[in-house]
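The data block below is protein18.pdb; it holds PDB, C-alpha atoms, pLDDT in the B column.
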ATOM      1  CA  LEU N 327       0.000   0.000   0.000  1.00 45.00           C
ATOM      2  CA  ALA N 328       1.833   3.112  -1.240  1.00 44.00           C
ATOM      3  CA  LEU N 329       0.039   6.170   0.105  1.00 50.00           C
ATOM      4  CA  CYS N 330       2.915   8.360   1.206  1.00 50.00           C
ATOM      5  CA  GLU N 331       6.459   9.057   0.134  1.00 53.00           C
ATOM      6  CA  PRO N 332       8.544   7.214   1.005  1.00 65.00           C
ATOM      7  CA  ARG N 333       5.890   4.556   0.669  1.00 78.00           C
ATOM      8  CA  ALA N 334       4.509   2.593   3.600  1.00 81.00           C
ATOM      9  CA  VAL N 335       4.182  -1.143   2.964  1.00 90.00           C
ATOM     10  CA  LEU N 336       1.312  -2.538   5.035  1.00 93.00           C
ATOM     11  CA  PHE N 337       0.069  -6.122   5.074  1.00 96.00           C
ATOM     12  CA  THR N 338      -3.514  -6.740   6.136  1.00 95.00           C
ATOM     13  CA  ALA N 339      -5.589  -9.861   6.706  1.00 95.00           C
ATOM     14  CA  THR N 340      -8.972 -10.592   8.216  1.00 93.00           C
ATOM     15  CA  ASP N 341     -11.113 -13.502   9.415  1.00 91.00           C
ATOM     16  CA  LEU N 342      -8.298 -15.884  10.280  1.00 93.00           C
ATOM     17  CA  HIS N 343     -10.781 -17.907  12.376  1.00 92.00           C
ATOM     18  CA  TYR N 344      -7.855 -19.631  14.041  1.00 94.00           C
ATOM     19  CA  ILE N 345      -8.483 -22.572  16.358  1.00 93.00           C
ATOM     20  CA  ALA N 346      -5.681 -23.890  18.546  1.00 95.00           C
ATOM     21  CA  PRO N 347      -4.782 -27.508  17.631  1.00 93.00           C
ATOM     22  CA  THR N 348      -5.256 -28.426  21.302  1.00 93.00           C
ATOM     23  CA  LEU N 349      -8.981 -27.639  21.041  1.00 94.00           C
ATOM     24  CA  THR N 350      -9.900 -30.461  18.674  1.00 92.00           C
ATOM     25  CA  ASP N 351      -9.180 -34.122  18.089  1.00 91.00           C
ATOM     26  CA  ASN N 352     -10.696 -33.843  14.587  1.00 87.00           C
ATOM     27  CA  GLY N 353     -13.435 -36.189  15.724  1.00 89.00           C
ATOM     28  CA  ALA N 354     -17.006 -36.671  14.549  1.00 90.00           C
ATOM     29  CA  LEU N 355     -18.533 -33.425  15.841  1.00 90.00           C
ATOM     30  CA  PHE N 356     -15.691 -31.248  14.598  1.00 89.00           C
ATOM     31  CA  THR N 357     -15.699 -32.945  11.196  1.00 87.00           C
ATOM     32  CA  ASP N 358     -19.463 -32.533  10.903  1.00 86.00           C
ATOM     33  CA  LEU N 359     -19.168 -28.860  11.898  1.00 84.00           C
ATOM     34  CA  ILE N 360     -16.707 -28.271   9.071  1.00 83.00           C
ATOM     35  CA  GLU N 361     -18.737 -30.174   6.467  1.00 82.00           C
ATOM     36  CA  ARG N 362     -21.947 -28.330   7.340  1.00 81.00           C
ATOM     37  CA  GLY N 363     -20.269 -24.946   7.790  1.00 73.00           C
ATOM     38  CA  ASP N 364     -19.453 -22.131   5.422  1.00 62.00           C
ATOM     39  CA  GLY N 365     -16.163 -23.355   4.014  1.00 56.00           C
ATOM     40  CA  LYS N 366     -13.738 -22.604   6.835  1.00 66.00           C
ATOM     41  CA  ALA N 367     -10.730 -24.916   6.536  1.00 73.00           C
ATOM     42  CA  MET N 368     -10.645 -25.504  10.269  1.00 74.00           C
ATOM     43  CA  ALA N 369      -9.066 -28.944  10.056  1.00 76.00           C
ATOM     44  CA  TYR N 370      -5.943 -27.225   8.692  1.00 80.00           C
ATOM     45  CA  SER N 371      -6.084 -24.104  10.865  1.00 84.00           C
ATOM     46  CA  ASP N 372      -2.505 -24.174  12.094  1.00 89.00           C
ATOM     47  CA  ALA N 373      -0.795 -24.776   8.732  1.00 90.00           C
ATOM     48  CA  PRO N 374      -1.942 -21.605   6.897  1.00 91.00           C
ATOM     49  CA  ILE N 375      -1.232 -19.471   9.981  1.00 94.00           C
ATOM     50  CA  GLU N 376       2.304 -20.831  10.180  1.00 95.00           C
ATOM     51  CA  ALA N 377       2.778 -20.215   6.442  1.00 95.00           C
ATOM     52  CA  PHE N 378       1.347 -16.701   6.756  1.00 96.00           C
ATOM     53  CA  VAL N 379       3.628 -15.813   9.670  1.00 97.00           C
ATOM     54  CA  ALA N 380       6.645 -17.095   7.730  1.00 97.00           C
ATOM     55  CA  GLN N 381       5.685 -15.056   4.648  1.00 97.00           C
ATOM     56  CA  VAL N 382       5.197 -11.852   6.631  1.00 97.00           C
ATOM     57  CA  ILE N 383       8.568 -12.257   8.322  1.00 98.00           C
ATOM     58  CA  ALA N 384      10.251 -12.983   4.982  1.00 97.00           C
ATOM     59  CA  GLU N 385       8.721  -9.966   3.193  1.00 96.00           C
ATOM     60  CA  LYS N 386       9.218  -7.528   6.099  1.00 96.00           C
ATOM     61  CA  PRO N 387       6.343  -5.047   5.671  1.00 95.00           C
ATOM     62  CA  ASP N 388       6.244  -1.886   7.763  1.00 93.00           C
ATOM     63  CA  ALA N 389       3.295  -3.324   9.701  1.00 95.00           C
ATOM     64  CA  LEU N 390       0.794  -6.181   9.788  1.00 97.00           C
ATOM     65  CA  ILE N 391      -2.877  -5.348  10.447  1.00 97.00           C
ATOM     66  CA  LEU N 392      -5.401  -8.039  11.424  1.00 97.00           C
ATOM     67  CA  SER N 393      -8.919  -6.648  11.330  1.00 95.00           C
ATOM     68  CA  GLY N 394     -10.960  -9.126  13.340  1.00 92.00           C
ATOM     69  CA  ASP N 395     -12.367 -12.623  13.745  1.00 93.00           C
ATOM     70  CA  LEU N 396      -8.921 -13.690  14.814  1.00 96.00           C
ATOM     71  CA  THR N 397     -10.336 -16.925  16.223  1.00 95.00           C
ATOM     72  CA  PHE N 398     -12.915 -19.514  15.209  1.00 90.00           C
ATOM     73  CA  ASN N 399     -15.125 -19.216  18.288  1.00 90.00           C
ATOM     74  CA  GLY N 400     -13.379 -16.826  20.650  1.00 95.00           C
ATOM     75  CA  ALA N 401     -11.797 -19.466  22.881  1.00 96.00           C
ATOM     76  CA  ARG N 402      -9.153 -17.973  25.137  1.00 97.00           C
ATOM     77  CA  GLU N 403      -6.846 -20.885  24.314  1.00 97.00           C
ATOM     78  CA  SER N 404      -6.992 -20.009  20.608  1.00 97.00           C
ATOM     79  CA  HIS N 405      -6.279 -16.339  21.298  1.00 97.00           C
ATOM     80  CA  GLU N 406      -3.287 -17.239  23.458  1.00 97.00           C
ATOM     81  CA  ALA N 407      -1.909 -19.654  20.852  1.00 97.00           C
ATOM     82  CA  LEU N 408      -2.337 -17.073  18.087  1.00 97.00           C
ATOM     83  CA  SER N 409      -0.628 -14.370  20.155  1.00 98.00           C
ATOM     84  CA  LEU N 410       2.451 -16.607  20.441  1.00 97.00           C
ATOM     85  CA  ARG N 411       2.609 -16.851  16.652  1.00 97.00           C
ATOM     86  CA  LEU N 412       2.169 -13.100  16.251  1.00 98.00           C
ATOM     87  CA  ALA N 413       4.978 -12.581  18.752  1.00 98.00           C
ATOM     88  CA  ARG N 414       7.355 -14.089  16.190  1.00 98.00           C
ATOM     89  CA  VAL N 415       6.331 -11.387  13.717  1.00 98.00           C
ATOM     90  CA  ARG N 416       6.789  -8.695  16.362  1.00 97.00           C
ATOM     91  CA  ASP N 417      10.179 -10.124  17.368  1.00 98.00           C
ATOM     92  CA  ALA N 418      11.251  -9.886  13.719  1.00 98.00           C
ATOM     93  CA  GLY N 419      10.818  -6.110  14.010  1.00 97.00           C
ATOM     94  CA  ILE N 420       7.397  -5.921  12.310  1.00 97.00           C
ATOM     95  CA  PRO N 421       4.663  -4.135  14.299  1.00 96.00           C
ATOM     96  CA  VAL N 422       1.401  -6.069  14.540  1.00 97.00           C
ATOM     97  CA  PHE N 423      -1.988  -4.400  15.077  1.00 97.00           C
ATOM     98  CA  VAL N 424      -5.161  -6.320  15.876  1.00 97.00           C
ATOM     99  CA  LEU N 425      -8.872  -5.679  16.259  1.00 96.00           C
ATOM    100  CA  PRO N 426     -11.583  -8.040  17.553  1.00 96.00           C
ATOM    101  CA  GLY N 427     -14.328  -9.322  15.309  1.00 94.00           C
ATOM    102  CA  ASN N 428     -17.773 -10.579  16.240  1.00 91.00           C
ATOM    103  CA  HIS N 429     -16.380 -14.084  16.893  1.00 91.00           C
ATOM    104  CA  ASP N 430     -13.662 -13.027  19.306  1.00 95.00           C
ATOM    105  CA  LEU N 431     -15.255 -11.710  22.525  1.00 95.00           C
ATOM    106  CA  ASN N 432     -17.571 -13.237  25.139  1.00 94.00           C
ATOM    107  CA  ASN N 433     -18.442 -16.011  22.702  1.00 94.00           C
ATOM    108  CA  PRO N 434     -20.813 -18.630  24.190  1.00 93.00           C
ATOM    109  CA  ASN N 435     -19.717 -21.095  21.474  1.00 92.00           C
ATOM    110  CA  ALA N 436     -16.100 -21.278  22.636  1.00 95.00           C
ATOM    111  CA  ALA N 437     -15.465 -25.002  22.909  1.00 94.00           C
ATOM    112  CA  ARG N 438     -13.073 -27.933  22.869  1.00 94.00           C
ATOM    113  CA  PHE N 439     -14.190 -30.617  20.390  1.00 93.00           C
ATOM    114  CA  VAL N 440     -13.669 -34.160  21.641  1.00 94.00           C
ATOM    115  CA  GLY N 441     -15.283 -36.989  19.700  1.00 93.00           C
ATOM    116  CA  ALA N 442     -18.991 -36.272  19.504  1.00 92.00           C
ATOM    117  CA  GLN N 443     -18.910 -33.643  22.250  1.00 92.00           C
ATOM    118  CA  ALA N 444     -18.273 -29.918  22.491  1.00 92.00           C
ATOM    119  CA  GLN N 445     -16.857 -28.995  25.892  1.00 94.00           C
ATOM    120  CA  ARG N 446     -17.478 -25.372  26.872  1.00 95.00           C
ATOM    121  CA  GLN N 447     -14.306 -23.259  27.119  1.00 96.00           C
ATOM    122  CA  PRO N 448     -13.695 -19.736  28.427  1.00 96.00           C
ATOM    123  CA  SER N 449     -13.785 -16.941  25.883  1.00 96.00           C
ATOM    124  CA  LEU N 450     -12.013 -13.600  26.144  1.00 94.00           C
ATOM    125  CA  THR N 451     -13.576 -10.570  27.773  1.00 95.00           C
ATOM    126  CA  VAL N 452     -12.843  -7.069  26.518  1.00 95.00           C
ATOM    127  CA  GLN N 453     -10.220  -6.618  29.229  1.00 95.00           C
ATOM    128  CA  GLY N 454      -8.784 -10.049  28.493  1.00 96.00           C
ATOM    129  CA  PHE N 455      -8.437  -9.167  24.806  1.00 97.00           C
ATOM    130  CA  ARG N 456      -6.556  -5.983  25.650  1.00 96.00           C
ATOM    131  CA  GLN N 457      -4.229  -7.885  27.984  1.00 96.00           C
ATOM    132  CA  THR N 458      -3.617 -10.792  25.587  1.00 97.00           C
ATOM    133  CA  TYR N 459      -2.843  -8.492  22.646  1.00 98.00           C
ATOM    134  CA  TRP N 460      -1.301  -5.586  24.571  1.00 97.00           C
ATOM    135  CA  ASP N 461       1.922  -5.761  22.539  1.00 97.00           C
ATOM    136  CA  PHE N 462      -0.006  -5.882  19.252  1.00 97.00           C
ATOM    137  CA  GLY N 463      -1.234  -2.304  18.983  1.00 96.00           C
ATOM    138  CA  PHE N 464      -2.456  -1.157  22.359  1.00 96.00           C
ATOM    139  CA  ARG N 465       0.955  -0.542  23.929  1.00 96.00           C
ATOM    140  CA  GLN N 466       2.230   1.395  20.890  1.00 94.00           C
ATOM    141  CA  ALA N 467      -0.923   3.463  20.412  1.00 96.00           C
ATOM    142  CA  LEU N 468      -0.777   7.212  19.952  1.00 96.00           C
ATOM    143  CA  SER N 469      -4.272   7.308  21.495  1.00 97.00           C
ATOM    144  CA  ARG N 470      -6.625   4.671  22.953  1.00 97.00           C
ATOM    145  CA  ASP N 471     -10.384   4.810  23.316  1.00 96.00           C
ATOM    146  CA  TRP N 472     -11.055   3.452  26.792  1.00 91.00           C
ATOM    147  CA  ASP N 473     -14.758   2.963  25.963  1.00 92.00           C
ATOM    148  CA  SER N 474     -13.855   0.314  23.391  1.00 95.00           C
ATOM    149  CA  LEU N 475     -10.857  -1.513  21.937  1.00 97.00           C
ATOM    150  CA  SER N 476     -10.288   1.218  19.335  1.00 97.00           C
ATOM    151  CA  TYR N 477      -6.904   2.889  19.066  1.00 98.00           C
ATOM    152  CA  CYS N 478      -4.812   5.053  16.775  1.00 98.00           C
ATOM    153  CA  TYR N 479      -1.205   4.445  15.749  1.00 96.00           C
ATOM    154  CA  ALA N 480       1.179   6.846  14.043  1.00 94.00           C
ATOM    155  CA  PRO N 481       3.944   4.938  12.221  1.00 90.00           C
ATOM    156  CA  ARG N 482       5.341   8.330  11.204  1.00 89.00           C
ATOM    157  CA  ALA N 483       4.374  11.989  11.243  1.00 90.00           C
ATOM    158  CA  ASP N 484       2.418  11.941   7.964  1.00 92.00           C
ATOM    159  CA  LEU N 485       0.391   8.754   8.524  1.00 94.00           C
ATOM    160  CA  ARG N 486      -2.167   7.566  11.081  1.00 96.00           C
ATOM    161  CA  ILE N 487      -3.730   4.109  11.274  1.00 96.00           C
ATOM    162  CA  LEU N 488      -7.139   4.360  12.929  1.00 97.00           C
ATOM    163  CA  LEU N 489      -8.348   0.990  14.202  1.00 97.00           C
ATOM    164  CA  MET N 490     -12.059   1.134  15.047  1.00 96.00           C
ATOM    165  CA  ASP N 491     -13.487  -1.596  17.268  1.00 95.00           C
ATOM    166  CA  THR N 492     -17.097  -2.238  16.257  1.00 92.00           C
ATOM    167  CA  ASN N 493     -17.650  -5.372  18.335  1.00 91.00           C
ATOM    168  CA  SER N 494     -16.774  -4.955  22.012  1.00 89.00           C
ATOM    169  CA  GLN N 495     -19.791  -2.777  22.845  1.00 84.00           C
ATOM    170  CA  GLU N 496     -22.488  -3.826  20.385  1.00 78.00           C
ATOM    171  CA  GLU N 497     -21.895  -5.921  17.288  1.00 74.00           C
ATOM    172  CA  GLY N 498     -21.265  -3.725  14.281  1.00 75.00           C
ATOM    173  CA  ARG N 499     -21.640  -0.423  16.075  1.00 80.00           C
ATOM    174  CA  LEU N 500     -19.538   2.368  17.601  1.00 87.00           C
ATOM    175  CA  SER N 501     -20.964   4.023  20.694  1.00 90.00           C
ATOM    176  CA  PRO N 502     -21.506   7.812  20.743  1.00 92.00           C
ATOM    177  CA  GLN N 503     -18.474   8.123  23.035  1.00 94.00           C
ATOM    178  CA  SER N 504     -16.312   6.126  20.643  1.00 94.00           C
ATOM    179  CA  LEU N 505     -17.567   8.141  17.677  1.00 93.00           C
ATOM    180  CA  ARG N 506     -16.473  11.315  19.451  1.00 95.00           C
ATOM    181  CA  TRP N 507     -13.063   9.746  20.016  1.00 97.00           C
ATOM    182  CA  VAL N 508     -12.848   8.870  16.290  1.00 96.00           C
ATOM    183  CA  ARG N 509     -13.735  12.443  15.380  1.00 96.00           C
ATOM    184  CA  ARG N 510     -10.942  13.769  17.601  1.00 97.00           C
ATOM    185  CA  GLN N 511      -8.410  11.445  15.946  1.00 97.00           C
ATOM    186  CA  LEU N 512      -9.468  12.637  12.488  1.00 97.00           C
ATOM    187  CA  GLU N 513      -9.281  16.288  13.516  1.00 97.00           C
ATOM    188  CA  GLU N 514      -5.829  15.820  15.046  1.00 97.00           C
ATOM    189  CA  ALA N 515      -4.608  14.012  11.934  1.00 97.00           C
ATOM    190  CA  ARG N 516      -5.963  16.834   9.738  1.00 97.00           C
ATOM    191  CA  ASP N 517      -4.220  19.437  11.881  1.00 97.00           C
ATOM    192  CA  ALA N 518      -0.975  17.460  11.666  1.00 96.00           C
ATOM    193  CA  GLY N 519      -1.270  17.088   7.882  1.00 96.00           C
ATOM    194  CA  ALA N 520      -1.354  13.304   8.233  1.00 95.00           C
ATOM    195  CA  GLN N 521      -3.170  10.833   6.008  1.00 94.00           C
ATOM    196  CA  VAL N 522      -5.495   8.369   7.766  1.00 96.00           C
ATOM    197  CA  ILE N 523      -6.055   4.688   7.036  1.00 95.00           C
ATOM    198  CA  ALA N 524      -9.219   3.559   8.818  1.00 95.00           C
ATOM    199  CA  VAL N 525      -9.660  -0.108   9.712  1.00 95.00           C
ATOM    200  CA  SER N 526     -12.691  -1.960  11.096  1.00 94.00           C
ATOM    201  CA  HIS N 527     -14.056  -5.492  11.044  1.00 92.00           C
ATOM    202  CA  GLN N 528     -17.461  -4.696   9.589  1.00 83.00           C
ATOM    203  CA  THR N 529     -17.524  -2.723   6.352  1.00 72.00           C
ATOM    204  CA  LEU N 530     -19.061   0.660   5.616  1.00 68.00           C
ATOM    205  CA  LEU N 531     -20.779  -0.643   2.454  1.00 63.00           C
ATOM    206  CA  ASP N 532     -22.536  -3.904   1.624  1.00 65.00           C
ATOM    207  CA  HIS N 533     -20.431  -6.397  -0.317  1.00 64.00           C
ATOM    208  CA  ASN N 534     -23.516  -7.555  -2.197  1.00 65.00           C
ATOM    209  CA  SER N 535     -27.232  -8.121  -1.666  1.00 65.00           C
ATOM    210  CA  LEU N 536     -26.673 -11.651  -0.318  1.00 63.00           C
ATOM    211  CA  LEU N 537     -24.178 -10.645   2.356  1.00 59.00           C
ATOM    212  CA  SER N 538     -25.411  -7.628   4.257  1.00 54.00           C
ATOM    213  CA  ASP N 539     -26.912  -8.470   7.639  1.00 59.00           C
ATOM    214  CA  GLY N 540     -24.132  -8.388  10.234  1.00 57.00           C
ATOM    215  CA  TYR N 541     -21.450  -7.609   7.669  1.00 64.00           C
ATOM    216  CA  ARG N 542     -21.955  -3.852   7.420  1.00 62.00           C
ATOM    217  CA  MET N 543     -21.335  -1.382  10.215  1.00 64.00           C
ATOM    218  CA  ALA N 544     -24.598  -0.284  11.809  1.00 67.00           C
ATOM    219  CA  ASP N 545     -25.619   3.237  10.740  1.00 59.00           C
ATOM    220  CA  GLY N 546     -22.805   3.101   8.172  1.00 50.00           C
TER     221      GLY N 546
END
Using structure tokens, write down the structure from this file.
Amino acid sequence: LALCEPRAVLFTATDLHYIAPTLTDNGALFTDLIERGDGKAMAYSDAPIEAFVAQVIAEKPDALILSGDLTFNGARESHEALSLRLARVRDAGIPVFVLPGNHDLNNPNAARFVGAQAQRQPSLTVQGFRQTYWDFGFRQALSRDWDSLSYCYAPRADLRILLMDTNSQEEGRLSPQSLRWVRRQLEEARDAGAQVIAVSHQTLLDHNSLLSDGYRMADG
């Protein structure tokens, strides 16, 4: 992504839907879930993440942005396992910035799949998400919105990355307080002569008429 001179190279990905290998034995229930689902390659969850991490490290972008649905069902164990993999990117000198999606927080479907059973597992709270991913955006933030998991990062004086959390308060929506915080970030960027790249999990516009409900930001 070349928006400024010298150019900033940013990698972005979304909807990883990662599940820790320790949360499934690839038994009957898990296999049935995949076959009846929407195409997620959950049986191979770890392999593409490992390949993705290796590619990012090899290509050395200026930053990696992950815009939500980091995990399959919000299980804390999956978040913790993913954070260890992202730490390798960070340790290679590449900043990593994350947002939660609608799958990632307080998810009642967080489970361990054993044979024909799904065993309930703890999901991450808002505070738990901030703690787990503190080194992946929150610690480096120029400004944080304490009413949500939104934050703003300035990789350099002429560029701001505005990460808007539309899932920790109400799915697909920013609260009035968070909207005021967003407005302040935009005004400060304008006054500083900085370009802004805005990131969220839900989109501002519908992808198509078949995929709209829950995919577009409320009031967008």
If you measure from CA of Pro426 in chain N to CA of Gln443 in chain N, what distance in Å do you get, rounded to one decimal?
-> 27.0 Å
Please report, as a tab-separated table, each residue of range 467-494 of chain N lying at most 9 Å from range 510-526 of chain N, together with the nearest pair of atoms and the separation in Å rounded to one decimal; use only C-alpha atoms, and order rows by chain and ascending residue number.
residue	atom	partner	partner_atom	distance
N:Ser469	CA	N:Gln511	CA	8.1
N:Cys478	CA	N:Gln511	CA	7.4
N:Arg482	CA	N:Ala520	CA	8.9
N:Ala483	CA	N:Ala520	CA	6.6
N:Asp484	CA	N:Ala520	CA	4.0
N:Leu485	CA	N:Gln521	CA	4.8
N:Arg486	CA	N:Val522	CA	4.8
N:Ile487	CA	N:Ile523	CA	4.9
N:Leu488	CA	N:Ala524	CA	4.7
N:Leu489	CA	N:Val525	CA	4.8
N:Met490	CA	N:Ser526	CA	5.1
N:Asp491	CA	N:Ser526	CA	6.2
N:Thr492	CA	N:Ser526	CA	6.8
Keeping only C-alpha atoms, write the selected residues to a file as an mmCIF file, in the coordinates of the input.
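Listing of result-v1.cif after writing:
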data_model
loop_
_atom_site.group_PDB
_atom_site.id
_atom_site.type_symbol
_atom_site.label_atom_id
_atom_site.label_comp_id
_atom_site.auth_asym_id
_atom_site.auth_seq_id
_atom_site.Cartn_x
_atom_site.Cartn_y
_atom_site.Cartn_z
ATOM 1 C CA SER N 469 -4.272 7.308 21.495
ATOM 2 C CA CYS N 478 -4.812 5.053 16.775
ATOM 3 C CA ARG N 482 5.341 8.330 11.204
ATOM 4 C CA ALA N 483 4.374 11.989 11.243
ATOM 5 C CA ASP N 484 2.418 11.941 7.964
ATOM 6 C CA LEU N 485 0.391 8.754 8.524
ATOM 7 C CA ARG N 486 -2.167 7.566 11.081
ATOM 8 C CA ILE N 487 -3.730 4.109 11.274
ATOM 9 C CA LEU N 488 -7.139 4.360 12.929
ATOM 10 C CA LEU N 489 -8.348 0.990 14.202
ATOM 11 C CA MET N 490 -12.059 1.134 15.047
ATOM 12 C CA ASP N 491 -13.487 -1.596 17.268
ATOM 13 C CA THR N 492 -17.097 -2.238 16.257
#
Any chance you could tabulate, as CSV, the residues of range 412-432 of chain N at most 12 Å from range 496-505 of chain N with each one's nearest atom pair and distance in Å to one decimal, using only C-alpha atoms, in chain and rising number order?
residue,atom,partner,partner_atom,distance
N:Pro426,CA,N:Glu497,CA,10.5
N:Gly427,CA,N:Glu497,CA,8.5
N:Asn428,CA,N:Glu497,CA,6.3
N:His429,CA,N:Glu497,CA,9.9
N:Asp430,CA,N:Glu497,CA,11.1
N:Leu431,CA,N:Glu497,CA,10.2
N:Asn432,CA,N:Glu497,CA,11.6
Rank nothing, just name the residue among N:Phe378, N:Tyr477, N:Phe464, N:Phe356 nearest to Pro421 in chain N, using only C-alpha atoms.
->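 Result for the nearest residue to Pro421 in chain N: N:Phe464.
The protein and nucleic acid residues lying at most 8 Å from range 411-418 of chain N are Glu376, Val379, Val382, Ile383, Ala407, Val422 and Phe462 of chain N, with all atoms listed in the file considered and sequence neighbours fewer than 4 positions away removed.
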